[in-house]
Structures are given as structure tokens and as C-alpha cells.
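Text of input_15.cif (mmCIF, C-alpha atoms) as supplied:
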data_my_file
#
loop_
_atom_site.group_PDB
_atom_site.id
_atom_site.type_symbol
_atom_site.label_atom_id
_atom_site.label_comp_id
_atom_site.auth_asym_id
_atom_site.auth_seq_id
_atom_site.Cartn_x
_atom_site.Cartn_y
_atom_site.Cartn_z
ATOM 1 C CA MET T 8 -204.545 182.567 89.989
ATOM 2 C CA ALA T 9 -201.318 180.712 89.472
ATOM 3 C CA GLU T 10 -199.085 181.052 92.496
ATOM 4 C CA GLN T 11 -196.017 181.618 90.311
ATOM 5 C CA GLU T 12 -197.469 184.644 88.510
ATOM 6 C CA ASN T 13 -197.807 188.144 89.934
ATOM 7 C CA ILE T 14 -199.966 189.426 87.058
ATOM 8 C CA ASN T 15 -202.849 187.566 85.458
ATOM 9 C CA VAL T 16 -204.896 188.688 82.466
ATOM 10 C CA VAL T 17 -208.538 187.619 82.445
ATOM 11 C CA ALA T 18 -211.009 188.208 79.606
ATOM 12 C CA ARG T 19 -214.763 188.366 80.169
ATOM 13 C CA ILE T 20 -217.064 188.379 77.144
ATOM 14 C CA ARG T 21 -220.339 190.221 77.660
ATOM 15 C CA PRO T 22 -223.583 189.248 75.915
ATOM 16 C CA PHE T 23 -225.155 191.414 73.227
ATOM 17 C CA SER T 24 -227.224 194.344 74.467
ATOM 18 C CA ALA T 25 -230.984 193.859 74.356
ATOM 19 C CA TRP T 26 -231.404 196.483 71.636
ATOM 20 C CA ILE T 27 -229.096 194.551 69.311
ATOM 21 C CA GLY T 28 -231.174 191.381 69.525
ATOM 22 C CA THR T 29 -230.344 187.711 69.952
ATOM 23 C CA ASN T 30 -229.891 186.754 66.310
ATOM 24 C CA ARG T 31 -226.520 188.434 65.840
ATOM 25 C CA GLN T 32 -223.547 186.188 65.183
ATOM 26 C CA SER T 33 -220.532 186.811 67.417
ATOM 27 C CA CYS T 34 -217.159 187.357 65.766
ATOM 28 C CA LEU T 35 -215.442 185.735 68.757
ATOM 29 C CA LEU T 36 -214.500 182.091 69.145
ATOM 30 C CA LEU T 37 -213.766 181.191 72.785
ATOM 31 C CA ASP T 38 -211.731 178.252 74.023
ATOM 32 C CA PRO T 39 -211.903 178.329 77.840
ATOM 33 C CA ASN T 40 -209.914 175.094 78.136
ATOM 34 C CA ASN T 41 -206.902 176.663 76.419
ATOM 35 C CA SER T 42 -207.690 180.235 77.570
ATOM 36 C CA THR T 43 -207.738 181.630 74.043
ATOM 37 C CA ILE T 44 -209.965 184.071 72.136
ATOM 38 C CA THR T 45 -210.060 184.093 68.356
ATOM 39 C CA VAL T 46 -211.381 187.191 66.600
ATOM 40 C CA LYS T 47 -212.826 186.113 63.263
ATOM 41 C CA SER T 48 -212.710 188.428 60.264
ATOM 42 C CA ALA T 49 -213.007 188.207 56.487
ATOM 43 C CA SER T 50 -209.305 188.909 56.015
ATOM 44 C CA LYS T 51 -207.504 187.115 58.837
ATOM 45 C CA ASP T 52 -208.418 185.524 62.155
ATOM 46 C CA GLN T 53 -206.464 186.660 65.203
ATOM 47 C CA LYS T 54 -205.927 184.473 68.256
ATOM 48 C CA PHE T 55 -205.137 185.860 71.722
ATOM 49 C CA GLU T 56 -204.009 183.847 74.738
ATOM 50 C CA VAL T 57 -204.794 184.997 78.294
ATOM 51 C CA ASN T 58 -204.804 183.341 81.704
ATOM 52 C CA THR T 59 -208.558 182.774 81.882
ATOM 53 C CA VAL T 60 -211.520 183.267 79.550
ATOM 54 C CA PHE T 61 -215.099 183.741 80.769
ATOM 55 C CA ASN T 62 -218.033 183.430 78.357
ATOM 56 C CA GLU T 63 -221.270 185.402 78.265
ATOM 57 C CA ASP T 64 -223.010 183.131 80.778
ATOM 58 C CA THR T 65 -220.435 183.429 83.563
ATOM 59 C CA SER T 66 -222.004 184.645 86.813
ATOM 60 C CA GLN T 67 -220.760 187.418 89.082
ATOM 61 C CA VAL T 68 -220.169 184.779 91.776
ATOM 62 C CA SER T 69 -217.862 182.803 89.485
ATOM 63 C CA ILE T 70 -215.977 185.915 88.413
ATOM 64 C CA PHE T 71 -215.250 186.856 92.019
ATOM 65 C CA ALA T 72 -214.254 183.313 92.951
ATOM 66 C CA LYS T 73 -211.680 183.209 90.156
ATOM 67 C CA VAL T 74 -210.488 186.832 90.047
ATOM 68 C CA GLY T 75 -211.167 188.406 93.429
ATOM 69 C CA ARG T 76 -210.814 185.667 96.026
ATOM 70 C CA SER T 77 -207.034 185.314 95.895
ATOM 71 C CA ILE T 78 -206.579 189.117 95.978
ATOM 72 C CA VAL T 79 -208.752 189.360 99.105
ATOM 73 C CA ASP T 80 -206.894 186.513 100.809
ATOM 74 C CA GLY T 81 -203.561 188.131 100.024
ATOM 75 C CA PHE T 82 -204.741 191.554 101.199
ATOM 76 C CA VAL T 83 -205.740 190.231 104.625
ATOM 77 C CA GLU T 84 -202.380 188.472 104.882
ATOM 78 C CA GLY T 85 -200.489 191.690 104.098
ATOM 79 C CA ILE T 86 -199.917 191.444 100.343
ATOM 80 C CA ASN T 87 -200.618 194.390 98.029
ATOM 81 C CA GLY T 88 -203.254 193.585 95.435
ATOM 82 C CA THR T 89 -204.830 195.353 92.466
ATOM 83 C CA ILE T 90 -207.721 194.447 90.190
ATOM 84 C CA PHE T 91 -207.725 196.624 87.080
ATOM 85 C CA ALA T 92 -210.707 196.501 84.707
ATOM 86 C CA TYR T 93 -209.899 197.631 81.170
ATOM 87 C CA GLY T 94 -212.133 197.885 78.132
ATOM 88 C CA GLN T 95 -213.981 200.253 75.842
ATOM 89 C CA THR T 96 -217.136 202.095 76.867
ATOM 90 C CA GLY T 97 -220.028 199.669 77.269
ATOM 91 C CA SER T 98 -217.841 196.583 77.613
ATOM 92 C CA GLY T 99 -219.069 195.812 81.138
ATOM 93 C CA LYS T 100 -216.363 197.221 83.414
ATOM 94 C CA THR T 101 -218.772 198.871 85.860
ATOM 95 C CA TYR T 102 -221.029 195.822 85.978
ATOM 96 C CA THR T 103 -218.092 193.506 86.668
ATOM 97 C CA MET T 104 -216.470 195.693 89.315
ATOM 98 C CA ILE T 105 -219.520 197.174 91.096
ATOM 99 C CA GLY T 106 -222.829 196.003 89.701
ATOM 100 C CA PRO T 107 -225.653 197.184 87.461
ATOM 101 C CA ASP T 108 -225.044 200.822 86.566
ATOM 102 C CA ALA T 109 -223.443 201.586 89.953
ATOM 103 C CA ILE T 110 -226.846 202.173 91.514
ATOM 104 C CA GLU T 111 -227.728 202.598 95.167
ATOM 105 C CA PRO T 112 -227.297 199.385 97.165
ATOM 106 C CA ASN T 113 -230.945 199.248 98.299
ATOM 107 C CA ALA T 114 -232.307 199.229 94.761
ATOM 108 C CA ASN T 115 -233.833 195.992 93.519
ATOM 109 C CA ALA T 116 -231.322 195.562 90.685
ATOM 110 C CA PHE T 117 -228.397 195.545 93.137
ATOM 111 C CA SER T 118 -229.116 191.999 94.276
ATOM 112 C CA GLU T 119 -226.845 189.313 95.650
ATOM 113 C CA GLU T 120 -226.656 187.803 92.179
ATOM 114 C CA ASN T 121 -225.671 191.056 90.448
ATOM 115 C CA ARG T 122 -223.133 192.448 92.917
ATOM 116 C CA GLY T 123 -219.688 192.983 91.436
ATOM 117 C CA ILE T 124 -216.155 192.292 92.612
ATOM 118 C CA ILE T 125 -215.741 195.332 94.909
ATOM 119 C CA PRO T 126 -218.857 194.768 97.092
ATOM 120 C CA ARG T 127 -218.071 191.055 97.350
ATOM 121 C CA ALA T 128 -214.445 191.767 98.241
ATOM 122 C CA LEU T 129 -215.427 194.271 100.947
ATOM 123 C CA GLU T 130 -217.883 191.825 102.472
ATOM 124 C CA ASP T 131 -215.284 189.052 102.555
ATOM 125 C CA ILE T 132 -212.596 191.313 104.021
ATOM 126 C CA PHE T 133 -214.741 192.432 106.940
ATOM 127 C CA ALA T 134 -216.053 188.899 107.507
ATOM 128 C CA THR T 135 -212.511 187.527 107.696
ATOM 129 C CA LEU T 136 -211.214 190.290 109.968
ATOM 130 C CA ASN T 137 -214.214 190.206 112.303
ATOM 131 C CA ALA T 138 -213.922 186.431 112.583
ATOM 132 C CA GLU T 139 -210.299 186.880 113.641
ATOM 133 C CA VAL T 140 -211.346 189.455 116.245
ATOM 134 C CA GLU T 141 -213.944 187.064 117.657
ATOM 135 C CA LYS T 142 -211.377 184.286 117.797
ATOM 136 C CA LYS T 143 -208.689 186.467 119.427
ATOM 137 C CA PRO T 144 -210.537 189.341 121.138
ATOM 138 C CA ASP T 145 -207.621 190.135 123.437
ATOM 139 C CA SER T 146 -204.765 189.864 120.968
ATOM 140 C CA PHE T 147 -205.995 190.959 117.523
ATOM 141 C CA LYS T 148 -207.428 194.218 116.269
ATOM 142 C CA PHE T 149 -207.520 196.079 112.974
ATOM 143 C CA SER T 150 -208.268 199.446 111.414
ATOM 144 C CA MET T 151 -209.017 200.197 107.790
ATOM 145 C CA LYS T 152 -209.274 203.363 105.707
ATOM 146 C CA CYS T 153 -210.571 203.970 102.215
ATOM 147 C CA SER T 154 -209.990 206.628 99.571
ATOM 148 C CA PHE T 155 -211.387 207.132 96.078
ATOM 149 C CA LEU T 156 -209.500 208.880 93.274
ATOM 150 C CA GLU T 157 -209.941 209.496 89.582
ATOM 151 C CA LEU T 158 -207.112 209.883 87.098
ATOM 152 C CA TYR T 159 -207.855 211.960 84.020
ATOM 153 C CA ASN T 160 -205.404 213.666 81.656
ATOM 154 C CA GLU T 161 -202.527 212.909 84.044
ATOM 155 C CA ARG T 162 -204.312 214.742 86.869
ATOM 156 C CA LEU T 163 -205.680 213.204 90.042
ATOM 157 C CA TYR T 164 -209.127 214.149 91.380
ATOM 158 C CA ASP T 165 -210.311 213.226 94.861
ATOM 159 C CA LEU T 166 -213.829 211.823 94.598
ATOM 160 C CA LEU T 167 -214.340 212.043 98.364
ATOM 161 C CA GLN T 168 -213.610 215.786 98.492
ATOM 162 C CA ASN T 169 -215.715 218.514 96.927
ATOM 163 C CA ASN T 170 -212.858 220.983 96.498
ATOM 164 C CA ASP T 171 -209.985 221.081 94.030
ATOM 165 C CA ALA T 172 -207.438 219.647 96.439
ATOM 166 C CA THR T 173 -204.043 218.950 94.899
ATOM 167 C CA ILE T 174 -203.355 215.227 94.870
ATOM 168 C CA LYS T 175 -199.893 213.953 94.039
ATOM 169 C CA ILE T 176 -198.317 210.556 93.538
ATOM 170 C CA GLN T 177 -194.874 210.195 95.090
ATOM 171 C CA SER T 178 -192.524 207.269 94.636
ATOM 172 C CA CYS T 179 -189.462 206.420 96.689
ATOM 173 C CA LEU T 180 -187.621 203.279 95.719
ATOM 174 C CA GLU T 181 -190.402 200.663 95.463
ATOM 175 C CA GLN T 182 -192.881 202.513 97.712
ATOM 176 C CA ILE T 183 -195.616 204.567 96.030
ATOM 177 C CA THR T 184 -197.786 206.914 98.099
ATOM 178 C CA VAL T 185 -200.650 209.298 97.340
ATOM 179 C CA VAL T 186 -200.323 212.663 99.092
ATOM 180 C CA GLY T 187 -203.289 214.926 99.792
ATOM 181 C CA ALA T 188 -206.098 212.406 99.321
ATOM 182 C CA ALA T 189 -208.872 212.208 101.893
ATOM 183 C CA GLU T 190 -208.959 208.947 103.837
ATOM 184 C CA PHE T 191 -211.957 207.782 105.846
ATOM 185 C CA GLU T 192 -211.803 205.128 108.526
ATOM 186 C CA VAL T 193 -214.324 202.363 107.945
ATOM 187 C CA THR T 194 -215.387 199.714 110.439
ATOM 188 C CA THR T 195 -218.156 197.940 108.525
ATOM 189 C CA TYR T 196 -219.114 196.888 105.027
ATOM 190 C CA ASP T 197 -221.945 199.449 104.975
ATOM 191 C CA GLU T 198 -219.604 202.322 105.860
ATOM 192 C CA CYS T 199 -217.228 201.344 103.071
ATOM 193 C CA MET T 200 -220.057 201.069 100.546
ATOM 194 C CA HIS T 201 -221.338 204.490 101.626
ATOM 195 C CA HIS T 202 -218.040 206.095 100.591
ATOM 196 C CA LEU T 203 -217.964 204.065 97.372
ATOM 197 C CA TRP T 204 -221.413 205.345 96.335
ATOM 198 C CA ARG T 205 -220.598 208.876 97.458
ATOM 199 C CA GLY T 206 -217.461 208.976 95.341
ATOM 200 C CA TRP T 207 -219.157 207.344 92.375
ATOM 201 C CA ASN T 208 -221.943 209.913 92.395
ATOM 202 C CA GLN T 209 -219.324 212.668 92.586
ATOM 203 C CA ARG T 210 -217.636 211.136 89.567
ATOM 204 C CA LYS T 211 -220.859 211.298 87.563
ATOM 205 C CA VAL T 212 -221.306 214.986 88.429
ATOM 206 C CA ALA T 213 -217.729 215.752 87.445
ATOM 207 C CA GLU T 214 -218.111 213.949 84.122
ATOM 208 C CA THR T 215 -221.101 216.139 83.329
ATOM 209 C CA SER T 216 -219.612 219.462 84.381
ATOM 210 C CA MET T 217 -215.992 218.913 83.342
ATOM 211 C CA ASN T 218 -216.400 216.576 80.380
ATOM 212 C CA ARG T 219 -214.400 213.806 82.029
ATOM 213 C CA GLU T 220 -215.606 210.758 80.133
ATOM 214 C CA SER T 221 -215.377 207.353 81.767
ATOM 215 C CA SER T 222 -213.659 205.850 78.726
ATOM 216 C CA ARG T 223 -210.754 208.261 79.191
ATOM 217 C CA SER T 224 -210.387 208.180 82.948
ATOM 218 C CA HIS T 225 -209.667 205.638 85.667
ATOM 219 C CA ALA T 226 -211.438 205.480 89.020
ATOM 220 C CA VAL T 227 -209.300 203.995 91.793
ATOM 221 C CA PHE T 228 -210.915 202.790 95.024
ATOM 222 C CA MET T 229 -208.175 202.108 97.589
ATOM 223 C CA LEU T 230 -208.118 200.342 100.948
ATOM 224 C CA THR T 231 -205.391 200.532 103.570
ATOM 225 C CA LEU T 232 -205.445 197.942 106.347
ATOM 226 C CA VAL T 233 -203.483 197.951 109.584
ATOM 227 C CA THR T 234 -203.620 194.916 111.846
ATOM 228 C CA GLU T 235 -202.140 194.608 115.311
ATOM 229 C CA GLN T 236 -201.171 191.536 117.290
ATOM 230 C CA THR T 237 -200.270 192.010 120.936
ATOM 231 C CA GLU T 238 -197.285 189.733 120.472
ATOM 232 C CA GLY T 239 -196.016 191.683 117.430
ATOM 233 C CA THR T 240 -195.929 195.085 115.783
ATOM 234 C CA ALA T 241 -198.447 196.801 113.573
ATOM 235 C CA ILE T 242 -198.183 196.041 109.887
ATOM 236 C CA ASN T 243 -199.341 198.432 107.203
ATOM 237 C CA ARG T 244 -201.201 196.519 104.507
ATOM 238 C CA PRO T 245 -202.311 198.659 101.562
ATOM 239 C CA SER T 246 -204.328 197.341 98.641
ATOM 240 C CA ARG T 247 -205.890 198.935 95.576
ATOM 241 C CA THR T 248 -208.954 198.017 93.597
ATOM 242 C CA ASN T 249 -208.958 199.783 90.263
ATOM 243 C CA LYS T 250 -211.450 200.349 87.577
#

Would you mind writing the file out in C-alpha cells?
Amino acid sequence: MAEQENINVVARIRPFSAWIGTNRQSCLLLDPNNSTITVKSASKDQKFEVNTVFNEDTSQVSIFAKVGRSIVDGFVEGINGTIFAYGQTGSGKTYTMIGPDAIEPNANAFSEENRGIIPRALEDIFATLNAEVEKKPDSFKFSMKCSFLELYNERLYDLLQNNDATIKIQSCLEQITVVGAAEFEVTTYDECMHHLWRGWNQRKVAETSMNRESSRSHAVFMLTLVTEQTEGTAINRPSRTNK
């Protein structure tokens, strides 16, 4: 991402679904060099300019390197970061952010190649922090917590609680906090992924029983990091990964 910009817009074009076939002609004309997408139509073509354009063949590794890496680096250094995936149902949001169909991590489809931004980000975060602990075992330590919320019809649901706990968003000046959400301390990548899958499965149940459709709701997986140096004070470093 450009260092001068706080917000970047990235477009990823997914391939046609298998049931559509390979002979369909796309209505999109991509120009990755100029970061533009042209939507072709019989009446009038429309051109859109974004920060980066990825075509149908772009790998999950490349997506993370371009979109997620700088957010992870900033998060560890104490900078708030958010990755927000937006698109219509079936556009590939879940695949990009988590992986194939948000399945269990031990399943064959959830391979190194297919993992999305969130699993890759979590792995990098713990690798970076643990490396710092090994380098400075007597002067550096960290703690991290995660929470998982869903926003639907202007109401917040806690995906890590099974009750109807009241969750509220409070803002004071430039500080925004979430009150009432369950937070779980995580010390490893596997622990963090456990809560991610647990919340995701809860989301699927809620969509079935309460008619909360994914296209009309937003799932928000949040991490809060606190690091401590013996020569300094603790610094609260929150970050949010949104879908």
C-alpha cells in the first residue's frame, strides 16, 4: 500500500463458477498496470479506477502479500488496521478472507495454497511476536485477545457467546470501543483459529434460525494486542479484520 494513503481500495475478480462453464465471455476489461476496471455493456462502457486490480488467476499468497502484509506489520508496531471485504453474495469474500467455504482447518480443502487473509495474518502475527520474545526473553512480552461480532440491522451479535448479550458501540472523541463483547486471550495461532471457527459456525446457525443472511450482515473478527517492554510502558494495540 502507498505510505501516503490511509485507505486503499483493491478489486479482485473471481473466475466463473464451474456450473457456468468456461466458454462465457466476461463483461470486464482489466488493466492492472493502470489499476482500472472497465465494465462493458451494449449502451455505455464504465471505467473504474482503484488502487490495485487482481485478475482471476491471482493466488491467495499474492493477495495477502499485497493487501494483508502491511496491515500485519502496522498492527505489530501499534497501528490500528482494518481489512474490509465488500461484495455481493457469491463474489468470493469468504474465500478471500478465510478460505474455501470457511471449513474446518484440518479438512483437505483448507490447504496452504487456499488459506485466506485472516489465517495468514494470524500466523504472521504470532511468528513475529514469538521471534521478538526469543530475541528479548527478559525484556519483551505480549498478550492478545480476540472477539468476533456480527452486525445486522444495526444490531450487534456476539458470535462467541450463546446468549443474547447486549453489545454496544461507544465513541469518545476519536476512540471507539465495543462494550459487552466476550474477549478470549489467545497465545497461539491454533487457539485463535479455534475461536474463529467457533464463531463462524455460530454465525451459520444464527443465519438459519434468525434469517440473518450473509449478504446483509457483516462479521467482524477483532484482535487486541498489548506488548510490554521492561524499559517502557504497556501499549494497547487494537486491530480489526472485517468481512

(Q) Assuming the chain letters and numbering stay as they are in my file, what does the PyMOL selection byres ((chain T and resi 74-83) around 9) actually select? List them as a list of chain:residue names. (A)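 In the shown coordinates, the PyMOL selection byres ((chain T and resi 74-83) around 9) covers T:Met8, T:Asn15, T:Val17, T:Ser69, T:Ile70, T:Phe71, T:Ala72, T:Lys73, T:Glu84, T:Gly85, T:Ile86, T:Asn87, T:Gly88, T:Thr89, T:Ile90, T:Ile124, T:Ile125, T:Arg127, T:Ala128, T:Leu129, T:Asp131, T:Ile132, T:Thr135, T:Leu136, T:Leu232, T:Thr234, T:Arg244, T:Pro245, T:Ser246.
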
Let me know the residues the PyMOL selection byres ((chain T and resi 197-199) around 12) catches in the file above, as an mmCIF file with C-alpha atoms, in the frame of the given file.
data_model
loop_
_atom_site.group_PDB
_atom_site.id
_atom_site.type_symbol
_atom_site.label_atom_id
_atom_site.label_comp_id
_atom_site.auth_asym_id
_atom_site.auth_seq_id
_atom_site.Cartn_x
_atom_site.Cartn_y
_atom_site.Cartn_z
ATOM 1 C CA GLU T 111 -227.728 202.598 95.167
ATOM 2 C CA PRO T 112 -227.297 199.385 97.165
ATOM 3 C CA ASN T 113 -230.945 199.248 98.299
ATOM 4 C CA ILE T 125 -215.741 195.332 94.909
ATOM 5 C CA PRO T 126 -218.857 194.768 97.092
ATOM 6 C CA ARG T 127 -218.071 191.055 97.350
ATOM 7 C CA ALA T 128 -214.445 191.767 98.241
ATOM 8 C CA LEU T 129 -215.427 194.271 100.947
ATOM 9 C CA GLU T 130 -217.883 191.825 102.472
ATOM 10 C CA ILE T 132 -212.596 191.313 104.021
ATOM 11 C CA PHE T 133 -214.741 192.432 106.940
ATOM 12 C CA MET T 151 -209.017 200.197 107.790
ATOM 13 C CA LYS T 152 -209.274 203.363 105.707
ATOM 14 C CA CYS T 153 -210.571 203.970 102.215
ATOM 15 C CA SER T 154 -209.990 206.628 99.571
ATOM 16 C CA PHE T 155 -211.387 207.132 96.078
ATOM 17 C CA GLU T 190 -208.959 208.947 103.837
ATOM 18 C CA PHE T 191 -211.957 207.782 105.846
ATOM 19 C CA GLU T 192 -211.803 205.128 108.526
ATOM 20 C CA VAL T 193 -214.324 202.363 107.945
ATOM 21 C CA THR T 194 -215.387 199.714 110.439
ATOM 22 C CA THR T 195 -218.156 197.940 108.525
ATOM 23 C CA TYR T 196 -219.114 196.888 105.027
ATOM 24 C CA MET T 200 -220.057 201.069 100.546
ATOM 25 C CA HIS T 201 -221.338 204.490 101.626
ATOM 26 C CA HIS T 202 -218.040 206.095 100.591
ATOM 27 C CA LEU T 203 -217.964 204.065 97.372
ATOM 28 C CA TRP T 204 -221.413 205.345 96.335
ATOM 29 C CA ARG T 205 -220.598 208.876 97.458
ATOM 30 C CA GLY T 206 -217.461 208.976 95.341
ATOM 31 C CA PHE T 228 -210.915 202.790 95.024
ATOM 32 C CA MET T 229 -208.175 202.108 97.589
ATOM 33 C CA LEU T 230 -208.118 200.342 100.948
ATOM 34 C CA THR T 231 -205.391 200.532 103.570
#

Q. Which of these, T:Ala138, T:Ile20, T:Ile183, T:Leu156, has the shortest distance to Leu37 in chain T once you count all atoms listed in the file?
A. T:Ile20

Set up a box along x, y and z of the file covering all listed atoms of range 47-57 of chain T, add 3 Å on every one of the six sides, and write the centre and edge lengths in Å to one decimal, as JSON.
{"center_x": -208.5, "center_y": 186.4, "center_z": 67.2, "size_x": 15.0, "size_y": 11.1, "size_z": 28.3}

Q: Pick out the residues sitting within 7 Å of Leu35 in chain T, and hand them over as a VMD selection string; count only C-alpha atoms, and ignore anything fewer than 2 positions along from it in its own chain.
A: chain T and resid 33 37 44 to 47

Write the residues of the preceding selection, restricted to C-alpha atoms, as an mmCIF file, in the coordinates of the input.
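As written to disk, result_3.cif reads:
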data_model
loop_
_atom_site.group_PDB
_atom_site.id
_atom_site.type_symbol
_atom_site.label_atom_id
_atom_site.label_comp_id
_atom_site.auth_asym_id
_atom_site.auth_seq_id
_atom_site.Cartn_x
_atom_site.Cartn_y
_atom_site.Cartn_z
ATOM 1 C CA SER T 33 -220.532 186.811 67.417
ATOM 2 C CA LEU T 37 -213.766 181.191 72.785
ATOM 3 C CA ILE T 44 -209.965 184.071 72.136
ATOM 4 C CA THR T 45 -210.060 184.093 68.356
ATOM 5 C CA VAL T 46 -211.381 187.191 66.600
ATOM 6 C CA LYS T 47 -212.826 186.113 63.263
#

Q.
What's the separation between CA of Glu120 in chain T and CA of Ser150 in chain T, in Å to one decimal place?
A.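 These two atoms are separated by 29.0 Å.
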
Q.
As an exercise, work out the distance from CA of Pro22 in chain T to CA of Glu56 in chain T in Å and give it to one decimal place.
A. 20.3 Å

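If you measure from each of T:Asp52, T:Lys142, T:Arg21, T:Leu167 to Tyr102 in chain T using only C-alpha atoms, the closest one turns out to be T:Arg21.
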
Q | Which residue of T:Ala188, T:Ala226, T:Ile105, T:Leu36 approaches Glu157 in chain T most closely, using all atoms listed in the file | A | T:Ala226

Q.
What does the structure give for the distance between CA of Thr237 in chain T and CA of Phe147 in chain T, in Å to one decimal?
A. 6.7 Å
